[in-house]
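Below is protein.txt, which holds compact mmCIF, C-alpha atoms (C1' of nucleotides).
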# COMPACT_ATOMS: atom_id res chain seq x y z
CA MET A 213 -53.10 70.26 -64.16
CA GLU A 214 -54.27 68.19 -61.23
CA LYS A 215 -51.97 65.31 -60.41
CA GLN A 216 -53.21 61.75 -60.68
CA ILE A 217 -51.40 59.55 -58.20
CA LEU A 218 -51.69 55.94 -57.15
CA HIS A 219 -50.15 54.43 -54.04
CA ILE A 220 -49.98 50.65 -54.16
CA ASP A 221 -49.27 48.64 -51.05
CA VAL A 222 -49.04 44.84 -50.78
CA ASN A 223 -51.35 43.43 -48.09
CA ASN A 224 -49.31 41.77 -45.32
CA ALA A 225 -46.42 41.66 -47.80
CA PHE A 226 -43.90 39.29 -46.22
CA LEU A 227 -46.61 36.92 -45.07
CA SER A 228 -48.46 36.95 -48.42
CA TRP A 229 -45.27 36.41 -50.37
CA THR A 230 -44.20 33.57 -48.09
CA ALA A 231 -47.68 32.05 -48.54
CA VAL A 232 -47.57 32.28 -52.34
CA GLU A 233 -44.08 30.82 -52.47
CA ARG A 234 -45.04 27.90 -50.23
CA LEU A 235 -48.08 27.10 -52.36
CA LYS A 236 -45.83 27.14 -55.41
CA ARG A 237 -43.54 24.61 -53.72
CA GLY A 238 -46.49 22.28 -53.29
CA GLU A 239 -47.46 22.99 -49.70
CA LYS A 240 -51.16 22.37 -49.16
CA ILE A 241 -51.93 24.98 -46.53
CA ASP A 242 -52.26 28.64 -47.43
CA ILE A 243 -50.74 30.30 -44.37
CA ARG A 244 -52.85 33.40 -45.03
CA ASN A 245 -55.86 31.42 -43.82
CA ILE A 246 -54.43 30.38 -40.45
CA PRO A 247 -53.07 32.34 -37.48
CA SER A 248 -49.53 32.85 -38.72
CA ILE A 249 -46.69 35.33 -38.74
CA VAL A 250 -43.32 35.90 -40.32
CA GLY A 251 -40.89 36.47 -37.49
CA GLY A 252 -37.24 36.59 -36.46
CA ASP A 253 -35.28 33.79 -34.82
CA GLU A 254 -36.16 33.62 -31.13
CA SER A 255 -33.14 31.47 -30.27
CA LYS A 256 -30.94 34.32 -31.50
CA ARG A 257 -32.95 36.93 -29.60
CA ARG A 258 -34.42 38.36 -32.80
CA GLY A 259 -37.91 37.13 -32.07
CA ILE A 260 -40.28 39.86 -33.16
CA VAL A 261 -43.32 39.82 -35.44
CA VAL A 262 -42.40 41.08 -38.91
CA ALA A 263 -45.72 40.38 -40.67
CA LYS A 264 -48.99 38.73 -39.67
CA SER A 265 -51.97 37.07 -41.31
CA ASN A 266 -55.39 38.67 -40.92
CA ILE A 267 -56.40 35.81 -38.62
CA ALA A 268 -53.36 36.50 -36.42
CA LYS A 269 -54.40 40.15 -36.40
CA GLN A 270 -57.81 39.16 -35.07
CA PHE A 271 -56.03 37.69 -32.05
CA GLY A 272 -54.64 41.14 -31.34
CA ILE A 273 -51.14 40.35 -32.60
CA LYS A 274 -49.20 43.45 -33.61
CA THR A 275 -46.24 43.99 -35.89
CA ALA A 276 -42.90 44.38 -34.04
CA GLU A 277 -44.12 42.80 -30.82
CA PRO A 278 -42.14 39.89 -29.33
CA ILE A 279 -43.18 36.49 -30.66
CA TYR A 280 -43.48 35.06 -27.15
CA GLN A 281 -46.09 37.73 -26.44
CA ALA A 282 -47.90 36.96 -29.70
CA ARG A 283 -47.99 33.28 -28.73
CA LYS A 284 -49.65 34.17 -25.45
CA LYS A 285 -52.43 35.78 -27.48
CA CYS A 286 -52.66 32.80 -29.78
CA PRO A 287 -51.01 29.53 -28.66
CA SER A 288 -51.55 27.84 -32.04
CA LEU A 289 -49.66 30.59 -33.86
CA GLN A 290 -47.49 29.35 -36.73
CA VAL A 291 -44.19 31.17 -37.17
CA PHE A 292 -42.30 31.34 -40.48
CA GLU A 293 -38.82 32.60 -41.22
CA ALA A 294 -38.31 35.62 -43.45
CA GLU A 295 -37.00 34.86 -46.96
CA HIS A 296 -35.60 38.11 -48.22
CA GLU A 297 -34.47 36.91 -51.65
CA ILE A 298 -38.04 35.90 -52.40
CA TYR A 299 -39.39 39.23 -51.25
CA LYS A 300 -36.95 41.02 -53.53
CA LYS A 301 -38.14 38.87 -56.43
CA TYR A 302 -41.82 39.77 -55.93
CA SER A 303 -40.96 43.39 -55.33
CA ASP A 304 -39.13 43.52 -58.68
CA LYS A 305 -42.04 41.84 -60.47
CA LEU A 306 -44.44 44.45 -59.14
CA TYR A 307 -42.16 47.34 -60.07
CA ASN A 308 -41.86 46.06 -63.63
CA LEU A 309 -45.61 45.61 -63.90
CA PHE A 310 -46.15 49.21 -62.76
CA LEU A 311 -43.69 50.45 -65.39
CA GLU A 312 -46.14 49.21 -68.03
CA TYR A 313 -48.54 51.95 -66.88
CA THR A 314 -46.19 54.90 -66.32
CA GLU A 315 -42.46 55.48 -66.28
CA LYS A 316 -42.91 57.57 -63.14
CA VAL A 317 -42.81 54.84 -60.50
CA GLU A 318 -41.24 55.50 -57.11
CA ARG A 319 -40.22 52.49 -55.04
CA PHE A 320 -41.08 53.74 -51.61
CA SER A 321 -40.18 50.48 -49.85
CA ILE A 322 -39.91 46.80 -50.71
CA ASP A 323 -43.71 46.48 -50.84
CA GLU A 324 -44.95 49.96 -51.75
CA CYS A 325 -44.84 52.11 -54.86
CA PHE A 326 -46.16 55.48 -55.93
CA LEU A 327 -47.26 55.84 -59.56
CA ASP A 328 -47.59 59.27 -61.13
CA MET A 329 -50.30 58.66 -63.73
CA THR A 330 -50.64 62.33 -64.70
CA GLY A 331 -50.80 62.38 -68.49
CA TYR A 332 -50.48 58.60 -68.74
CA ILE A 333 -54.18 57.72 -68.76
CA LYS A 334 -55.67 56.82 -72.14
CA LYS A 335 -58.79 58.58 -73.44
CA ASP A 336 -61.14 55.65 -72.92
CA GLN A 337 -59.82 55.05 -69.38
CA ASP A 338 -59.97 56.78 -66.05
CA ILE A 339 -57.77 56.41 -62.98
CA MET A 340 -60.23 54.14 -61.18
CA LYS A 341 -60.35 51.75 -64.13
CA VAL A 342 -56.56 51.66 -64.23
CA ALA A 343 -56.39 50.93 -60.50
CA ILE A 344 -58.90 48.09 -60.82
CA GLN A 345 -56.97 46.61 -63.71
CA ILE A 346 -53.67 46.74 -61.83
CA LYS A 347 -55.15 45.22 -58.69
CA GLU A 348 -56.83 42.37 -60.58
CA ARG A 349 -53.76 41.64 -62.69
CA ILE A 350 -51.58 41.30 -59.60
CA LYS A 351 -54.07 38.95 -58.00
CA LYS A 352 -54.40 36.83 -61.12
CA GLU A 353 -50.78 36.82 -62.29
CA TYR A 354 -48.98 36.66 -58.94
CA GLY A 355 -51.56 35.37 -56.45
CA PHE A 356 -51.52 38.09 -53.80
CA THR A 357 -53.59 41.17 -53.08
CA VAL A 358 -52.81 44.87 -52.82
CA ASN A 359 -54.51 48.00 -51.58
CA ILE A 360 -54.54 51.03 -53.85
CA GLY A 361 -54.98 54.66 -52.86
CA ILE A 362 -55.99 57.24 -55.47
CA SER A 363 -55.49 60.97 -55.03
CA ASP A 364 -54.34 64.30 -56.43
CA ASP A 365 -51.73 64.48 -53.64
CA LYS A 366 -48.94 62.03 -52.88
CA ILE A 367 -49.41 61.72 -49.13
CA LEU A 368 -53.21 61.54 -49.47
CA ALA A 369 -52.77 58.62 -51.87
CA LYS A 370 -50.70 56.90 -49.22
CA MET A 371 -53.29 57.60 -46.54
CA ALA A 372 -56.03 56.24 -48.83
CA SER A 373 -54.31 52.92 -49.42
CA ASP A 374 -54.30 52.44 -45.65
CA PHE A 375 -58.09 52.58 -45.37
CA GLU A 376 -60.06 49.33 -45.23
CA LYS A 377 -57.97 46.26 -46.19
CA PRO A 378 -57.30 43.90 -47.88
CA ASP A 379 -57.80 43.92 -51.65
CA LYS A 380 -59.43 47.37 -51.75
CA ILE A 381 -59.20 50.60 -53.71
CA HIS A 382 -59.98 53.94 -52.04
CA THR A 383 -59.92 57.53 -53.22
CA LEU A 384 -58.90 60.43 -51.02
CA PHE A 385 -58.91 63.57 -53.15
CA LYS A 386 -58.16 66.93 -51.58
CA SER A 387 -61.89 67.65 -51.82
CA GLU A 388 -62.60 64.59 -49.66
CA ILE A 389 -60.28 65.13 -46.72
CA GLU A 390 -62.86 66.60 -44.36
CA GLU A 391 -65.21 63.73 -44.90
CA LYS A 392 -62.70 60.85 -45.05
CA MET A 393 -59.61 61.85 -43.09
CA TRP A 394 -60.32 64.53 -40.51
CA ASN A 395 -62.29 62.24 -38.23
CA LEU A 396 -59.35 59.80 -37.89
CA PRO A 397 -57.09 59.87 -34.81
CA ILE A 398 -53.76 61.66 -35.32
CA SER A 399 -51.93 58.35 -34.90
CA GLU A 400 -53.20 57.44 -38.38
CA LEU A 401 -51.44 60.35 -40.05
CA PHE A 402 -48.25 59.53 -41.94
CA MET A 403 -45.21 60.70 -39.92
CA VAL A 404 -47.05 60.98 -36.60
CA GLY A 405 -45.41 58.34 -34.42
CA LYS A 406 -45.59 57.24 -30.83
CA LYS A 407 -43.46 60.08 -29.44
CA SER A 408 -45.51 62.84 -31.07
CA ILE A 409 -48.96 61.47 -30.26
CA PRO A 410 -48.92 62.29 -26.52
CA LYS A 411 -47.45 65.75 -27.21
CA LEU A 412 -50.19 66.55 -29.68
CA GLU A 413 -52.90 65.13 -27.44
CA LYS A 414 -51.69 67.30 -24.61
CA MET A 415 -52.39 70.29 -26.84
CA GLY A 416 -55.94 69.03 -27.33
CA ILE A 417 -55.19 67.67 -30.80
CA LYS A 418 -56.81 64.25 -31.03
CA THR A 419 -57.92 63.90 -34.65
CA ILE A 420 -56.29 64.74 -37.95
CA GLY A 421 -58.98 67.40 -38.31
CA ASP A 422 -57.94 68.97 -34.99
CA LEU A 423 -54.38 69.12 -36.30
CA ALA A 424 -55.49 70.61 -39.63
CA LYS A 425 -57.37 73.38 -37.84
CA THR A 426 -54.54 74.24 -35.42
CA ASP A 427 -52.63 77.46 -36.12
CA PRO A 428 -49.57 76.34 -38.12
CA PHE A 429 -47.52 79.04 -36.41
CA VAL A 430 -48.15 77.40 -33.04
CA LEU A 431 -47.10 74.03 -34.44
CA THR A 432 -43.95 75.42 -36.00
CA LYS A 433 -43.04 77.18 -32.79
CA LYS A 434 -43.36 73.93 -30.83
CA PHE A 435 -42.10 71.34 -33.33
CA GLY A 436 -39.99 73.27 -35.84
CA LYS A 437 -40.05 72.01 -39.42
CA TYR A 438 -41.81 68.88 -38.29
CA GLY A 439 -44.80 70.93 -37.10
CA ALA A 440 -45.20 72.52 -40.52
CA LEU A 441 -44.82 69.13 -42.19
CA ILE A 442 -47.62 67.38 -40.33
CA TRP A 443 -49.88 70.45 -40.59
CA ASN A 444 -49.48 70.32 -44.37
CA TYR A 445 -50.16 66.59 -44.40
CA ALA A 446 -53.31 67.04 -42.32
CA ASN A 447 -54.51 69.65 -44.82
CA GLY A 448 -53.76 67.58 -47.91
CA LYS A 449 -51.03 70.00 -48.97
CA SER A 450 -47.94 67.81 -49.09
CA ASN A 451 -47.10 69.00 -52.62
CA GLU A 452 -44.55 66.21 -52.82
CA GLU A 453 -43.37 64.90 -56.16
CA ILE A 454 -43.04 61.25 -57.15
CA ASN A 455 -39.29 60.57 -57.08
CA TYR A 456 -39.13 58.06 -59.87
CA ILE A 457 -35.43 58.50 -60.55
CA ILE A 458 -33.55 55.76 -58.76
CA GLU A 459 -31.33 57.30 -56.12
CA LYS A 460 -28.03 56.04 -54.85
CA PRO A 461 -27.90 55.28 -51.12
CA LYS A 462 -26.58 58.01 -48.81
CA GLY A 463 -25.31 55.49 -46.28
CA ILE A 464 -24.93 51.73 -45.87
CA GLY A 465 -25.14 50.00 -42.53
CA HIS A 466 -25.40 46.63 -40.90
CA SER A 467 -26.19 45.78 -37.31
CA ILE A 468 -26.85 42.60 -35.37
CA THR A 469 -28.47 41.73 -32.12
CA LEU A 470 -25.96 39.34 -30.59
CA PRO A 471 -27.22 35.89 -29.54
CA TYR A 472 -25.99 36.72 -26.01
CA ASP A 473 -24.70 39.86 -24.30
CA ILE A 474 -20.99 40.45 -24.80
CA SER A 475 -18.88 42.28 -22.27
CA ASN A 476 -15.35 42.11 -23.55
CA LEU A 477 -13.68 44.24 -26.15
CA GLU A 478 -11.95 41.46 -28.07
CA GLU A 479 -15.17 39.61 -28.74
CA LEU A 480 -16.95 42.81 -29.74
CA GLU A 481 -14.10 43.61 -32.07
CA GLU A 482 -14.51 40.26 -33.81
CA GLU A 483 -18.18 40.99 -34.41
CA LEU A 484 -17.38 44.50 -35.55
CA VAL A 485 -14.89 43.22 -38.11
CA LYS A 486 -17.43 40.75 -39.53
CA ILE A 487 -20.23 43.27 -39.94
CA THR A 488 -17.93 46.01 -41.23
CA GLU A 489 -16.53 43.66 -43.88
CA LYS A 490 -20.08 43.14 -45.06
CA VAL A 491 -20.72 46.88 -45.14
CA CYS A 492 -17.56 47.45 -47.20
CA TYR A 493 -18.52 44.68 -49.61
CA ARG A 494 -21.91 46.30 -50.19
CA LEU A 495 -20.27 49.71 -50.55
CA ARG A 496 -18.02 48.42 -53.34
CA LYS A 497 -20.99 46.72 -54.99
CA GLN A 498 -22.60 50.16 -55.20
CA ASN A 499 -19.43 51.53 -56.73
CA MET A 500 -19.26 54.20 -54.09
CA LEU A 501 -16.77 55.63 -51.62
CA ALA A 502 -17.52 56.54 -48.02
CA SER A 503 -16.61 59.74 -46.17
CA SER A 504 -17.25 58.59 -42.62
CA ILE A 505 -17.72 55.52 -40.46
CA ASN A 506 -20.09 55.11 -37.53
CA VAL A 507 -20.12 52.44 -34.81
CA HIS A 508 -23.22 51.93 -32.74
CA LEU A 509 -23.73 49.90 -29.55
CA LYS A 510 -26.84 49.05 -27.57
CA ASN A 511 -26.47 47.67 -24.07
CA LYS A 512 -28.64 45.14 -22.27
CA ASP A 513 -30.84 47.98 -20.96
CA PHE A 514 -31.46 49.10 -24.56
CA LYS A 515 -29.47 52.26 -24.15
CA SER A 516 -27.88 53.22 -27.46
CA TYR A 517 -24.75 55.18 -28.11
CA SER A 518 -22.68 55.81 -31.18
CA HIS A 519 -19.53 57.50 -32.39
CA GLN A 520 -18.56 58.49 -35.87
CA ARG A 521 -15.46 59.87 -37.47
CA LYS A 522 -14.33 61.11 -40.82
CA LEU A 523 -12.22 58.67 -42.76
CA PRO A 524 -8.74 59.94 -43.69
CA TYR A 525 -9.90 60.04 -47.31
CA ARG A 526 -12.98 58.88 -49.21
CA THR A 527 -12.54 55.18 -49.57
CA ASP A 528 -14.04 51.73 -50.01
CA GLU A 529 -11.03 49.87 -48.61
CA THR A 530 -11.95 47.30 -46.01
CA LYS A 531 -8.63 47.75 -44.22
CA VAL A 532 -8.94 51.51 -43.76
CA ILE A 533 -12.58 51.38 -42.78
CA ILE A 534 -12.09 48.59 -40.25
CA GLU A 535 -9.09 50.32 -38.68
CA ASN A 536 -11.22 53.39 -38.08
CA ALA A 537 -14.20 51.37 -36.87
CA LYS A 538 -11.95 49.71 -34.29
CA ILE A 539 -10.80 53.10 -33.00
CA LEU A 540 -14.42 54.13 -32.56
CA LEU A 541 -15.29 50.93 -30.72
CA LYS A 542 -12.43 51.45 -28.28
CA GLU A 543 -13.60 55.02 -27.63
CA LEU A 544 -17.18 53.91 -27.17
CA TYR A 545 -16.87 50.82 -25.07
CA THR A 546 -17.26 51.36 -21.35
CA GLY A 547 -17.47 47.73 -20.21
CA ASP A 548 -21.24 47.42 -20.55
CA GLU A 549 -22.97 44.20 -21.45
CA ILE A 550 -23.65 44.74 -25.13
CA ARG A 551 -26.75 43.46 -26.90
CA LEU A 552 -26.35 44.99 -30.36
CA ILE A 553 -23.47 46.21 -32.45
CA GLY A 554 -23.79 48.17 -35.68
CA SER A 555 -21.49 49.62 -38.28
CA ARG A 556 -22.37 52.06 -41.05
CA VAL A 557 -20.68 54.24 -43.62
CA ASP A 558 -22.07 57.61 -44.62
CA GLY A 559 -21.42 60.50 -46.93
CA LEU A 560 -21.28 58.22 -49.95
CA VAL A 561 -20.04 59.53 -53.30
CA ASN A 562 -19.80 57.86 -56.68
CA LYS A 563 -16.43 56.25 -57.22
CA GLU A 564 -16.10 57.18 -60.91
CA GLU A 565 -16.70 60.86 -60.27
CA MET A 566 -14.08 60.89 -57.56
CA GLN A 567 -11.52 59.12 -59.67
CA LEU A 568 -11.97 61.59 -62.53
CA SER A 569 -11.36 64.55 -60.29
CA LEU A 570 -8.65 63.21 -58.03
CA PHE A 571 -5.33 61.50 -58.39
CA ASP A 572 -6.21 57.87 -58.00
CA SER A 573 -4.05 56.75 -55.11
CA SER A 574 -5.64 53.32 -55.01
CA VAL A 575 -4.04 51.88 -58.14
CA ASN A 576 -2.02 48.81 -57.30
CA LYS A 577 -2.45 49.34 -53.60
CA LYS A 578 -2.15 46.05 -51.76
CA SER A 579 -5.35 46.39 -49.71
CA VAL A 580 -7.35 47.36 -52.82
CA MET A 581 -6.11 44.31 -54.68
CA LEU A 582 -7.04 42.11 -51.74
CA ASP A 583 -10.58 43.55 -51.59
CA LYS A 584 -10.99 42.93 -55.32
CA THR A 585 -9.86 39.34 -55.02
CA ILE A 586 -12.12 38.62 -52.06
CA ASP A 587 -15.10 40.36 -53.70
CA SER A 588 -14.82 38.34 -56.88
CA LEU A 589 -14.67 35.11 -54.90
CA LYS A 590 -17.71 36.15 -52.90
CA ASN A 591 -19.56 37.12 -56.07
CA LYS A 592 -18.77 33.80 -57.64
CA TYR A 593 -19.22 31.38 -54.77
CA GLY A 594 -21.38 33.28 -52.28
CA TYR A 595 -20.65 35.71 -49.49
CA ASN A 596 -19.61 33.13 -46.91
CA ILE A 597 -17.10 31.32 -49.09
CA ILE A 598 -14.18 33.24 -47.70
CA ASN A 599 -13.66 34.52 -44.21
CA LYS A 600 -10.79 36.31 -42.61
CA GLY A 601 -8.64 34.31 -40.17
CA ILE A 602 -10.58 35.77 -37.28
CA GLU A 603 -13.56 33.59 -38.07
CA LEU A 604 -11.52 30.43 -38.31
CA LYS A 605 -10.35 30.68 -34.72
C1' DT B 108 -35.60 32.87 -25.31
C1' DC B 109 -39.05 39.91 -23.96
C1' DT B 110 -38.11 44.10 -27.12
C1' DG B 111 -35.07 43.39 -35.58
C1' DG B 112 -32.72 45.70 -39.12
C1' DG B 113 -32.26 49.00 -42.86
C1' DG B 114 -32.80 53.52 -43.96
C1' DT B 115 -33.62 59.17 -44.11
C1' DC B 116 -34.01 63.50 -42.08
C1' DC B 117 -33.79 66.94 -38.35
C1' DT B 118 -31.85 69.32 -34.29
C1' DA B 119 -28.65 70.96 -30.99
C1' DG B 120 -24.25 72.11 -29.54
C1' DG B 121 -19.26 72.80 -30.08
C1' DA B 122 -15.17 74.10 -32.90
C1' DC B 123 -13.45 77.15 -35.90
C1' DC B 124 -13.13 80.97 -39.20
C1' DC B 125 -13.53 85.79 -40.53
C1' DT C 160 -18.07 97.35 -16.06
C1' DC C 161 -21.22 89.74 -18.61
C1' DT C 162 -21.35 87.67 -23.23
C1' DG C 163 -20.44 90.00 -31.13
C1' DG C 164 -22.19 87.36 -34.68
C1' DG C 165 -22.77 84.96 -38.99
C1' DG C 166 -21.49 80.90 -41.48
C1' DT C 167 -19.82 76.16 -42.03
C1' DC C 168 -18.41 71.76 -40.56
C1' DC C 169 -18.67 68.07 -37.47
C1' DT C 170 -20.71 64.91 -34.02
C1' DA C 171 -24.38 62.71 -31.12
C1' DG C 172 -28.86 61.60 -30.56
C1' DG C 173 -33.50 60.99 -31.73
C1' DA C 174 -37.86 60.69 -34.55
C1' DC C 175 -39.99 58.56 -38.18
C1' DC C 176 -40.81 55.07 -41.94
C1' DC C 177 -41.34 50.00 -43.61

Show this structure as structure tokens.
Amino acid sequence: MEKQILHIDVNNAFLSWTAVERLKRGEKIDIRNIPSIVGGDESKRRGIVVAKSNIAKQFGIKTAEPIYQARKKCPSLQVFEAEHEIYKKYSDKLYNLFLEYTEKVERFSIDECFLDMTGYIKKDQDIMKVAIQIKERIKKEYGFTVNIGISDDKILAKMASDFEKPDKIHTLFKSEIEEKMWNLPISELFMVGKKSIPKLEKMGIKTIGDLAKTDPFVLTKKFGKYGALIWNYANGKSNEEINYIIEKPKGIGHSITLPYDISNLEELEEELVKITEKVCYRLRKQNMLASSINVHLKNKDFKSYSHQRKLPYRTDETKVIIENAKILLKELYTGDEIRLIGSRVDGLVNKEEMQLSLFDSSVNKKSVMLDKTIDSLKNKYGYNIINKGIELK
DNA sequence: TCTGGGGTCCTAGGACCC
DNA sequence: TCTGGGGTCCTAGGACCC
């Protein structure tokens, strides 16, 4: 049976959601109708464009560009802070709405879902009618717009939702790829990013159609698995399933761009401890144990380097993880001026499964008890209620 | 006050084992 | 009188996505 897939994408998600929330709070101006963006804090050197209104887009403002540059393009630009709790709230609402139509919903990102409608469409309906109904319900019930792509292939559905915006539905069935997709530049193809574009162009591949008609053997030879992947995408043969089962994370990380460059180990260590504590807290919230820890630095010239090491045993203990993170930082640090520091745990496994199969060495351990106490305080009174002595200095 | 932060997956090379 | 070779594990780095 042919698959029936929808890809639903919120138009300018963070900006739309901020707009809706502000209207709800009684603000008069709908920021979707003025040149506006959601952006990071410039005073903390996190000033990039995260989302933009369509008017801002008309000024040539691009996602991820520095805000100062965006302002040059449009001096009257209004900048709003991101409000992640609100975004999570709208994302959850959408997901629950989609579950009314099929149980096979994949959350692809905070503002995008795939719906596998195969076998879920009633006799008096068709997939277009369902898409229209979903789109109109979201607009009416929540006050923002979405784009919907319809296809018999997952990646084609995603490509289709990216066609003309906002508030539109497009089909891109396998039978339509020549007509609707092959004339587009390769940069439009999912998974073709800025590093691959010049390489492909050098081979004379400028459009998705050019890519589709290239010998897949040549692509595989040059790009490995990646070559085969994009060739399949260009030919509408992704054959990917909708992963509607909620997966546990494989790693958890946190990184910060520092408000100013730091060039001494002690200060970096303080930052590392803070962010690693947060990582460990999130790890325990997931009820998982980590196998390895990774520390990542970026210097003022944007050169990145990282080290990782196996933990002595799979653990969620702040003390053990921080000790190992500190070792990595000492190995890594060469005296550079550091712009960004990151910490992440990987190789996560479920805690319960581990405790069934192994002698549980953590019972009554002092550091485990301390983590539990701190976590419950944080859960009750908020993350920042308790800080280690290092932050009180 | 120019360039975020959170992820996943792939590759290449070295260590080590048989 | 070059240098086996297959497999696994580990690390570092990079590409891509939103």

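Closest approach to DG172 of chain C among A:Thr546, A:Ser503, A:Ser516, A:Thr330: A:Ser516, based on only C-alpha atoms (C1' of nucleotides).
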
What are the closest atom pairs, with distances in Å to one decimal, for each residue of chain B lying within 8 Å of chain A, using only C-alpha atoms (C1' of nucleotides), rows by chain and rising residue number, as CSV?
residue,atom,partner,partner_atom,distance
B:DT108,C1',A:Ser255,CA,5.7
B:DC109,C1',A:Pro278,CA,6.2
B:DT110,C1',A:Pro278,CA,6.2
B:DG111,C1',A:Arg258,CA,5.8
B:DG112,C1',A:Ser467,CA,6.8
B:DG113,C1',A:Gly465,CA,7.2

### Query
From the set A:Phe385, A:Phe320, A:Phe326, A:Tyr332, which residue has the shortest atom-to-atom contact distance to DC176 of chain C, counting all atoms listed in the file?
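Checking each candidate against DC176 of chain C, we get A:Phe320 as the closest.
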
### Message
What's the separation between atom CA of Glu390 of chain A and atom CA of Phe402 of chain A, in Å to one decimal place?
### Response
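Computed distance, atom CA of Glu390 of chain A to atom CA of Phe402 of chain A, equals 16.4 Å.
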
Polymer residues at most 6 Å from segment 439-451 of chain A, all atoms listed in the file, same-chain spacing of 6 or more positions, as a short mmCIF file (atom, residue, chain, number, x, y, z; two decimals) with C-alpha atoms, in the coordinates of the input:
data_model
loop_
_atom_site.label_atom_id
_atom_site.label_comp_id
_atom_site.auth_asym_id
_atom_site.auth_seq_id
_atom_site.Cartn_x
_atom_site.Cartn_y
_atom_site.Cartn_z
CA LYS A 386 -58.16 66.93 -51.58
CA ILE A 420 -56.29 64.74 -37.95
CA ALA A 424 -55.49 70.61 -39.63
CA LEU A 431 -47.10 74.03 -34.44
CA THR A 432 -43.95 75.42 -36.00
#

### Query
Any idea what's packed within 10 Å of Leu396 of chain A, counting all atoms listed in the file, ignoring anything in its chain fewer than 3 positions away? Could you give it as a count of residues only?
11

### Neighbour list for segment 218-227 of chain A as number ranges by chain, cut-off 8 Å, all atoms listed in the file, skip fewer than 4 positions in-chain
A: 231, 243-244, 249-250, 262-265, 294, 299, 323-329, 343, 356-363, 366, 369-370, 373, 377-379

Keeping only C-alpha atoms, take the residues you just selected and write them out as a JSON list (two decimals), in the coordinates of the input.
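And here's again_29.json as it stands now:
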[["chain", "number", "residue", "atom", "x", "y", "z"],
["A", 231, "ALA", "CA", -47.68, 32.05, -48.54],
["A", 243, "ILE", "CA", -50.74, 30.30, -44.37],
["A", 244, "ARG", "CA", -52.85, 33.40, -45.03],
["A", 249, "ILE", "CA", -46.69, 35.33, -38.74],
["A", 250, "VAL", "CA", -43.32, 35.90, -40.32],
["A", 262, "VAL", "CA", -42.40, 41.08, -38.91],
["A", 263, "ALA", "CA", -45.72, 40.38, -40.67],
["A", 264, "LYS", "CA", -48.99, 38.73, -39.67],
["A", 265, "SER", "CA", -51.97, 37.07, -41.31],
["A", 294, "ALA", "CA", -38.31, 35.62, -43.45],
["A", 299, "TYR", "CA", -39.39, 39.23, -51.25],
["A", 323, "ASP", "CA", -43.71, 46.48, -50.84],
["A", 324, "GLU", "CA", -44.95, 49.96, -51.75],
["A", 325, "CYS", "CA", -44.84, 52.11, -54.86],
["A", 326, "PHE", "CA", -46.16, 55.48, -55.93],
["A", 327, "LEU", "CA", -47.26, 55.84, -59.56],
["A", 328, "ASP", "CA", -47.59, 59.27, -61.13],
["A", 329, "MET", "CA", -50.30, 58.66, -63.73],
["A", 343, "ALA", "CA", -56.39, 50.93, -60.50],
["A", 356, "PHE", "CA", -51.52, 38.09, -53.80],
["A", 357, "THR", "CA", -53.59, 41.17, -53.08],
["A", 358, "VAL", "CA", -52.81, 44.87, -52.82],
["A", 359, "ASN", "CA", -54.51, 48.00, -51.58],
["A", 360, "ILE", "CA", -54.54, 51.03, -53.85],
["A", 361, "GLY", "CA", -54.98, 54.66, -52.86],
["A", 362, "ILE", "CA", -55.99, 57.24, -55.47],
["A", 363, "SER", "CA", -55.49, 60.97, -55.03],
["A", 366, "LYS", "CA", -48.94, 62.03, -52.88],
["A", 369, "ALA", "CA", -52.77, 58.62, -51.87],
["A", 370, "LYS", "CA", -50.70, 56.90, -49.22],
["A", 373, "SER", "CA", -54.31, 52.92, -49.42],
["A", 377, "LYS", "CA", -57.97, 46.26, -46.19],
["A", 378, "PRO", "CA", -57.30, 43.90, -47.88],
["A", 379, "ASP", "CA", -57.80, 43.92, -51.65]]

#### Entry: One-decimal distance in Å that lies between atom CA of Asp304 of chain A and atom CA of Phe292 of chain A
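Pair atom CA of Phe292 of chain A / atom CA of Asp304 of chain A returns 22.1 Å.
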
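If only C-alpha atoms (C1' of nucleotides) are the atoms counted, then among A:Arg521, A:Arg526, A:Lys335, A:Lys460 the closest residue to DA171 of chain C is A:Arg521.
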